[in-house]
>>> print(open('final-v8.cif').read())   # mmCIF, C-alpha atoms and all ligand atoms
data_run
#
loop_
_atom_site.label_atom_id
_atom_site.label_comp_id
_atom_site.auth_asym_id
_atom_site.auth_seq_id
_atom_site.Cartn_x
_atom_site.Cartn_y
_atom_site.Cartn_z
CA MET A 1 76.23 139.14 65.49
CA VAL A 2 75.75 135.89 67.42
CA ILE A 3 72.11 134.76 67.46
CA ARG A 4 71.13 132.92 70.62
CA MET A 5 69.31 129.79 69.53
CA GLU A 6 66.28 128.62 71.46
CA TRP A 7 65.35 124.95 71.77
CA GLU A 8 61.87 123.42 71.72
CA PRO A 9 61.52 121.14 74.79
CA GLU A 10 61.06 118.04 72.55
CA ALA A 11 64.23 118.92 70.66
CA ALA A 12 66.15 119.44 73.92
CA ASN A 13 64.95 116.05 75.20
CA GLU A 14 66.14 114.38 72.00
CA LEU A 15 69.53 116.01 72.37
CA GLU A 16 69.84 114.46 75.86
CA LYS A 17 69.95 111.03 74.18
CA VAL A 18 73.17 111.88 72.40
CA PRO A 19 76.21 110.44 74.26
CA GLU A 20 77.50 113.02 76.72
CA HIS A 21 81.03 113.20 75.30
CA VAL A 22 79.78 114.32 71.85
CA ARG A 23 76.65 116.22 72.97
CA SER A 24 78.08 119.76 72.96
CA MET A 25 79.58 119.15 69.52
CA ALA A 26 76.22 117.83 68.26
CA LYS A 27 74.41 120.84 69.79
CA MET A 28 76.71 123.25 68.04
CA GLY A 29 76.29 121.45 64.70
CA ILE A 30 72.49 121.39 64.98
CA GLU A 31 72.34 125.09 65.91
CA MET A 32 74.58 126.03 62.99
CA SER A 33 72.46 124.01 60.61
CA ALA A 34 69.22 125.56 61.94
CA GLY A 35 70.82 129.04 61.77
CA LYS A 36 71.69 128.53 58.11
CA LYS A 37 68.00 127.91 57.47
CA GLY A 38 67.27 131.33 59.01
CA LYS A 39 65.78 129.87 62.19
CA ASN A 40 66.27 131.05 65.75
CA LYS A 41 64.63 128.02 67.37
CA VAL A 42 65.70 124.37 67.09
CA THR A 43 62.84 121.93 66.52
CA LEU A 44 62.59 118.18 66.87
CA ASP A 45 62.82 117.87 63.08
CA ASP A 46 66.15 119.72 63.10
CA VAL A 47 67.54 117.24 65.63
CA LYS A 48 66.22 114.22 63.72
CA GLU A 49 67.69 115.54 60.51
CA ALA A 50 71.09 115.95 62.18
CA ALA A 51 70.80 112.48 63.75
CA GLU A 52 70.29 110.97 60.30
CA GLU A 53 73.30 112.82 59.00
CA PHE A 54 75.63 112.08 61.90
CA GLY A 55 73.88 109.05 63.43
CA ALA A 56 76.33 106.44 62.20
CA LEU A 57 79.26 108.43 63.54
CA MET A 58 77.61 108.95 66.95
CA LYS A 59 76.71 105.28 67.32
CA LYS A 60 80.22 104.24 66.35
CA ASP A 61 81.63 106.58 68.96
CA GLU A 62 79.20 105.34 71.60
CA LYS A 63 80.18 101.72 71.06
CA LYS A 64 83.73 102.44 72.17
CA THR A 65 82.56 103.01 75.74
CA THR A 66 81.58 100.09 77.94
CA LYS A 67 79.35 101.24 80.78
CA ILE A 68 79.87 99.35 83.99
CA ALA A 69 77.99 99.31 87.28
CA VAL A 70 79.10 97.62 90.50
CA VAL A 71 76.69 96.33 93.12
CA ARG A 72 78.08 95.53 96.54
CA CYS A 73 77.00 94.25 99.92
CA ASP A 74 75.16 96.80 102.04
CA ILE A 75 76.45 95.26 105.26
CA VAL A 76 80.09 95.30 104.13
CA SER A 77 79.72 98.89 102.89
CA GLU A 78 79.53 100.02 106.54
CA THR A 79 83.24 99.32 106.84
CA CYS A 80 84.42 99.47 103.23
CA PRO A 81 84.55 102.64 101.11
CA GLY A 82 85.07 100.59 97.93
CA VAL A 83 88.68 101.64 97.32
CA ALA A 84 89.83 98.18 96.22
CA CYS A 85 87.02 97.91 93.65
CA PHE A 86 87.96 101.26 92.10
CA LYS A 87 91.67 100.47 92.26
CA ALA A 88 91.10 97.25 90.32
CA PHE A 89 89.01 99.13 87.75
CA ASN A 90 91.42 102.05 87.39
CA LYS A 91 94.32 99.69 86.79
CA ARG A 92 92.19 97.28 84.71
CA LYS A 93 93.14 94.38 86.98
CA VAL A 94 91.51 91.12 88.10
CA HIS A 95 87.87 91.16 86.92
CA PHE A 96 88.28 94.43 84.99
CA GLU A 97 91.22 93.20 82.96
CA GLU A 98 89.39 92.87 79.66
CA TYR A 99 88.14 96.48 79.46
CA GLY A 100 89.73 99.10 77.25
CA LYS A 101 90.65 102.61 78.38
CA ASP A 102 87.26 103.96 77.27
CA ALA A 103 85.30 101.82 79.74
CA GLU A 104 83.67 103.77 82.56
CA ILE A 105 81.94 103.04 85.84
CA ILE A 106 78.54 104.71 85.72
CA GLY A 107 77.08 103.27 88.93
CA PHE A 108 78.42 102.02 92.28
CA PHE A 109 75.71 101.09 94.72
CA THR A 110 74.79 98.72 97.53
CA CYS A 111 72.10 96.06 97.33
CA GLY A 112 70.10 98.01 99.95
CA GLY A 113 70.32 95.21 102.52
CA CYS A 114 69.03 91.63 102.50
CA PRO A 115 67.56 90.31 100.30
CA GLY A 116 68.93 92.89 97.85
CA ARG A 117 65.74 94.19 96.27
CA ARG A 118 67.21 97.60 95.55
CA VAL A 119 69.15 96.00 92.71
CA PHE A 120 65.92 95.33 90.81
CA ARG A 121 64.76 98.94 91.15
CA LEU A 122 68.13 100.46 90.27
CA MET A 123 68.51 98.33 87.14
CA ASP A 124 65.76 100.35 85.43
CA SER A 125 67.62 103.55 86.17
CA LEU A 126 70.95 102.11 84.99
CA LEU A 127 69.36 100.90 81.76
CA LYS A 128 68.28 104.46 81.00
CA HIS A 129 71.95 105.37 81.19
CA GLY A 130 72.99 102.55 78.86
CA VAL A 131 74.61 100.14 81.33
CA ASP A 132 76.29 97.18 79.57
CA VAL A 133 77.47 95.07 82.46
CA VAL A 134 77.03 94.76 86.23
CA HIS A 135 79.81 93.40 88.42
CA LEU A 136 78.88 91.62 91.63
CA SER A 137 81.51 92.92 94.03
CA SER A 138 83.97 90.49 95.52
CA CYS A 139 82.55 91.17 99.01
CA MET A 140 79.31 89.44 97.95
CA LEU A 141 81.15 86.33 96.81
CA MET A 142 83.93 85.82 99.32
CA GLU A 143 83.76 83.59 102.35
CA GLY A 144 86.08 84.21 105.26
CA GLY A 145 85.58 86.98 107.82
CA TYR A 146 81.90 87.00 106.85
CA PRO A 147 79.65 84.56 104.98
CA LYS A 148 79.00 84.68 101.24
CA CYS A 149 75.80 86.52 100.31
CA PRO A 150 72.91 84.05 100.69
CA HIS A 151 70.86 85.95 98.07
CA ILE A 152 73.46 86.03 95.34
CA ASP A 153 71.49 83.80 92.97
CA GLU A 154 68.35 85.97 93.17
CA ILE A 155 70.40 89.14 92.71
CA ARG A 156 72.16 87.67 89.68
CA GLN A 157 68.80 86.67 88.17
CA MET A 158 67.34 90.17 88.78
CA ILE A 159 70.11 91.62 86.62
CA LEU A 160 70.03 88.96 83.92
CA LYS A 161 66.25 89.29 83.58
CA LYS A 162 66.81 92.93 82.67
CA GLY A 163 69.00 91.77 79.79
CA VAL A 164 72.29 92.96 81.29
CA LYS A 165 75.49 90.91 81.46
CA VAL A 166 76.78 89.89 84.90
CA VAL A 167 80.43 89.51 85.88
CA GLU A 168 81.22 87.85 89.19
CA GLY A 169 83.79 89.76 91.20
CA THR A 170 85.72 93.00 91.22
CA HIS A 171 89.10 92.96 92.97
CA HIS A 172 89.41 89.31 94.17
S1 LIG A 201 71.63 90.63 100.13
FE1 LIG A 201 73.72 89.83 100.12
S2 LIG A 201 74.92 91.53 99.39
FE2 LIG A 201 72.99 92.38 100.14
S3 LIG A 201 73.30 92.90 102.33
FE3 LIG A 201 72.47 90.82 102.23
S4 LIG A 201 74.33 89.56 102.28
FE4 LIG A 201 75.01 91.62 101.66
#
>>> encode(input="final-v8.cif", output="structure tokens")
Amino acid sequence: MVIRMEWEPEAANELEKVPEHVRSMAKMGIEMSAGKKGKNKVTLDDVKEAAEEFGALMKKDEKKTTKIAVVRCDIVSETCPGVACFKAFNKRKVHFEEYGKDAEIIGFFTCGGCPGRRVFRLMDSLLKHGVDVVHLSSCMLMEGGYPKCPHIDEIRQMILKKGVKVVEGTHH
């Protein structure tokens, strides 16, 4: 007979911290271990115990993935769906060349309009999701049909102050 395992809210919250790609496997392992102890409810202690046992493995797995976010110009976004940025990332070209196949884009957002304050607010949210690097899109840096972003230095500093690496450019 399969016993449906309940989860204490604190235990469920802790499970959310496990990288998404190994979370269901971790959940199954924790439930099996709790079941062997004759329990039908997973507690925070059960999760911590499992984290100690499998922690090194999970961290090693997590390190393989580089989490990337791209910030782009709000004005340019009115006419650009961002295809060239994604194309460069998908093919690991230009400013995405150095990333391995496990890298992923976890955020793609506009600055919110001049002077780009949305970047500051969104950095906190991205940090919760483990962002490693933010690319300033090429549309913020190029001069030609439109001027280069006049707030680029402040935007760059907003990101660096949050302790996140900045790469200048995406597809150009
Ligand atoms: S702050 Fe820069 S990137 Fe943002 S809308 Fe203004 S010019 Fe574009």
>>> residues_around(input="final-v8.cif", residues="segment 135-152 of chain A", least_positions_apart="3", cutoff="10 Å", atoms="all atoms listed in the file", output="MDAnalysis selection string")
chainID A and resid 68:77 80 82 84:85 95:96 108 110:111 114:117 155:158 165:172
>>> axis_aligned_box(input="final-v8.cif", around="ligand LIG 201 (chain A)", padding_each_side="4 Å", output="lines of an AutoDock Vina configuration file")
center_x = 73.3
center_y = 91.2
center_z = 100.9
size_x = 11.4
size_y = 11.3
size_z = 10.9
>>> residues_around(input="final-v8.cif", residues="segment 15-31 of chain A", least_positions_apart="4", cutoff="9 Å", atoms="all atoms listed in the file", output="ChimeraX atom specification")
/A:5-6,10-11,35-36,39-42,46-47,49-51,54,58-59,61-62
>>> atom_distance(input="final-v8.cif", atom1="atom CA of His129 of chain A", atom2="atom CA of Lys101 of chain A")
19.1 Å
>>> closest_residue(input="final-v8.cif", among="A:Lys162, A:Lys87, A:Met32, A:Val94", to="Arg121 of chain A", atoms="only C-alpha atoms")
A:Lys162
>>> atom_distance(input="final-v8.cif", atom1="atom CA of Thr65 of chain A", atom2="atom CA of Leu44 of chain A")
26.6 Å
>>> closest_residue(input="final-v8.cif", among="A:Arg118, A:Lys67, A:Lys128, A:Arg4", to="ligand LIG 201 (chain A)", atoms="only C-alpha atoms and all ligand atoms")
A:Arg118
>>> closest_residue(input="final-v8.cif", among="A:Ser33, A:Gly107, A:Phe89, A:Asp153", to="ligand LIG 201 (chain A)", atoms="all atoms listed in the file")
A:Asp153
>>> atom_distance(input="final-v8.cif", atom1="atom CA of Thr66 of chain A", atom2="atom CA of Gly163 of chain A")
15.2 Å
>>> closest_residue(input="final-v8.cif", among="A:Glu14, A:Val131, A:Gly112, A:Glu78", to="ligand LIG 201 (chain A)", atoms="only C-alpha atoms and all ligand atoms")
A:Gly112
>>> closest_residue(input="final-v8.cif", among="A:Ile159, A:Glu53, A:Arg92, A:Glu154", to="ligand LIG 201 (chain A)", atoms="all atoms listed in the file")
A:Glu154
>>> build_atoms(input="final-v8.cif", residues="segment 18-53 of chain A", atoms="N, CA and C atoms", output="JSON list (two decimals), keeping the file's coordinate frame")
[["chain", "number", "residue", "atom", "x", "y", "z"],
["A", 18, "VAL", "N", 71.86, 111.95, 73.05],
["A", 18, "VAL", "CA", 73.17, 111.88, 72.40],
["A", 18, "VAL", "C", 74.22, 111.62, 73.49],
["A", 19, "PRO", "N", 75.17, 110.70, 73.25],
["A", 19, "PRO", "CA", 76.21, 110.44, 74.26],
["A", 19, "PRO", "C", 76.85, 111.73, 74.76],
["A", 20, "GLU", "N", 77.06, 111.78, 76.08],
["A", 20, "GLU", "CA", 77.50, 113.02, 76.72],
["A", 20, "GLU", "C", 78.79, 113.60, 76.12],
["A", 21, "HIS", "N", 79.72, 112.70, 75.76],
["A", 21, "HIS", "CA", 81.03, 113.20, 75.30],
["A", 21, "HIS", "C", 80.96, 113.85, 73.91],
["A", 22, "VAL", "N", 79.86, 113.65, 73.17],
["A", 22, "VAL", "CA", 79.78, 114.32, 71.85],
["A", 22, "VAL", "C", 78.58, 115.29, 71.80],
["A", 23, "ARG", "N", 77.89, 115.44, 72.97],
["A", 23, "ARG", "CA", 76.65, 116.22, 72.97],
["A", 23, "ARG", "C", 76.87, 117.70, 72.63],
["A", 24, "SER", "N", 77.91, 118.32, 73.22],
["A", 24, "SER", "CA", 78.08, 119.76, 72.96],
["A", 24, "SER", "C", 78.44, 120.00, 71.50],
["A", 25, "MET", "N", 79.20, 119.03, 70.93],
["A", 25, "MET", "CA", 79.58, 119.15, 69.52],
["A", 25, "MET", "C", 78.32, 119.01, 68.65],
["A", 26, "ALA", "N", 77.46, 118.05, 69.02],
["A", 26, "ALA", "CA", 76.22, 117.83, 68.26],
["A", 26, "ALA", "C", 75.33, 119.07, 68.37],
["A", 27, "LYS", "N", 75.26, 119.64, 69.57],
["A", 27, "LYS", "CA", 74.41, 120.84, 69.79],
["A", 27, "LYS", "C", 74.86, 121.98, 68.89],
["A", 28, "MET", "N", 76.18, 122.17, 68.86],
["A", 28, "MET", "CA", 76.71, 123.25, 68.04],
["A", 28, "MET", "C", 76.38, 123.03, 66.55],
["A", 29, "GLY", "N", 76.55, 121.78, 66.10],
["A", 29, "GLY", "CA", 76.29, 121.45, 64.70],
["A", 29, "GLY", "C", 74.82, 121.67, 64.34],
["A", 30, "ILE", "N", 73.93, 121.26, 65.24],
["A", 30, "ILE", "CA", 72.49, 121.39, 64.98],
["A", 30, "ILE", "C", 72.10, 122.88, 64.94],
["A", 31, "GLU", "N", 72.65, 123.65, 65.88],
["A", 31, "GLU", "CA", 72.34, 125.09, 65.91],
["A", 31, "GLU", "C", 72.85, 125.80, 64.65],
["A", 32, "MET", "N", 74.03, 125.40, 64.21],
["A", 32, "MET", "CA", 74.58, 126.03, 62.99],
["A", 32, "MET", "C", 73.70, 125.71, 61.79],
["A", 33, "SER", "N", 73.29, 124.44, 61.73],
["A", 33, "SER", "CA", 72.46, 124.01, 60.61],
["A", 33, "SER", "C", 71.10, 124.72, 60.62],
["A", 34, "ALA", "N", 70.51, 124.86, 61.83],
["A", 34, "ALA", "CA", 69.22, 125.56, 61.94],
["A", 34, "ALA", "C", 69.40, 127.05, 61.60],
["A", 35, "GLY", "N", 70.52, 127.63, 62.04],
["A", 35, "GLY", "CA", 70.82, 129.04, 61.77],
["A", 35, "GLY", "C", 70.93, 129.31, 60.28],
["A", 36, "LYS", "N", 71.54, 128.36, 59.56],
["A", 36, "LYS", "CA", 71.69, 128.53, 58.11],
["A", 36, "LYS", "C", 70.34, 128.54, 57.41],
["A", 37, "LYS", "N", 69.35, 127.92, 58.06],
["A", 37, "LYS", "CA", 68.00, 127.91, 57.47],
["A", 37, "LYS", "C", 67.24, 129.17, 57.89],
["A", 38, "GLY", "N", 67.91, 130.07, 58.59],
["A", 38, "GLY", "CA", 67.27, 131.33, 59.01],
["A", 38, "GLY", "C", 66.41, 131.18, 60.25],
["A", 39, "LYS", "N", 66.60, 130.09, 60.99],
["A", 39, "LYS", "CA", 65.78, 129.87, 62.19],
["A", 39, "LYS", "C", 66.47, 130.39, 63.44],
["A", 40, "ASN", "N", 65.67, 130.71, 64.46],
["A", 40, "ASN", "CA", 66.27, 131.05, 65.75],
["A", 40, "ASN", "C", 65.76, 130.11, 66.84],
["A", 41, "LYS", "N", 65.09, 129.02, 66.40],
["A", 41, "LYS", "CA", 64.63, 128.02, 67.37],
["A", 41, "LYS", "C", 64.82, 126.63, 66.78],
["A", 42, "VAL", "N", 65.46, 125.74, 67.56],
["A", 42, "VAL", "CA", 65.70, 124.37, 67.09],
["A", 42, "VAL", "C", 64.47, 123.52, 67.38],
["A", 43, "THR", "N", 64.02, 122.80, 66.36],
["A", 43, "THR", "CA", 62.84, 121.93, 66.52],
["A", 43, "THR", "C", 63.28, 120.47, 66.53],
["A", 44, "LEU", "N", 62.32, 119.62, 66.86],
["A", 44, "LEU", "CA", 62.59, 118.18, 66.87],
["A", 44, "LEU", "C", 63.03, 117.70, 65.49],
["A", 45, "ASP", "N", 62.44, 118.26, 64.44],
["A", 45, "ASP", "CA", 62.82, 117.87, 63.08],
["A", 45, "ASP", "C", 64.28, 118.20, 62.79],
["A", 46, "ASP", "N", 64.74, 119.35, 63.31],
["A", 46, "ASP", "CA", 66.15, 119.72, 63.10],
["A", 46, "ASP", "C", 67.07, 118.67, 63.73],
["A", 47, "VAL", "N", 66.69, 118.22, 64.94],
["A", 47, "VAL", "CA", 67.54, 117.24, 65.63],
["A", 47, "VAL", "C", 67.51, 115.91, 64.89],
["A", 48, "LYS", "N", 66.32, 115.50, 64.44],
["A", 48, "LYS", "CA", 66.22, 114.22, 63.72],
["A", 48, "LYS", "C", 67.02, 114.25, 62.42],
["A", 49, "GLU", "N", 66.94, 115.39, 61.75],
["A", 49, "GLU", "CA", 67.69, 115.54, 60.51],
["A", 49, "GLU", "C", 69.20, 115.39, 60.77],
["A", 50, "ALA", "N", 69.66, 116.03, 61.83],
["A", 50, "ALA", "CA", 71.09, 115.95, 62.18],
["A", 50, "ALA", "C", 71.45, 114.52, 62.59],
["A", 51, "ALA", "N", 70.53, 113.85, 63.30],
["A", 51, "ALA", "CA", 70.80, 112.48, 63.75],
["A", 51, "ALA", "C", 70.97, 111.57, 62.55],
["A", 52, "GLU", "N", 70.17, 111.79, 61.51],
["A", 52, "GLU", "CA", 70.29, 110.97, 60.30],
["A", 52, "GLU", "C", 71.64, 111.20, 59.62],
["A", 53, "GLU", "N", 72.04, 112.46, 59.65],
["A", 53, "GLU", "CA", 73.30, 112.82, 59.00],
["A", 53, "GLU", "C", 74.52, 112.29, 59.76]]
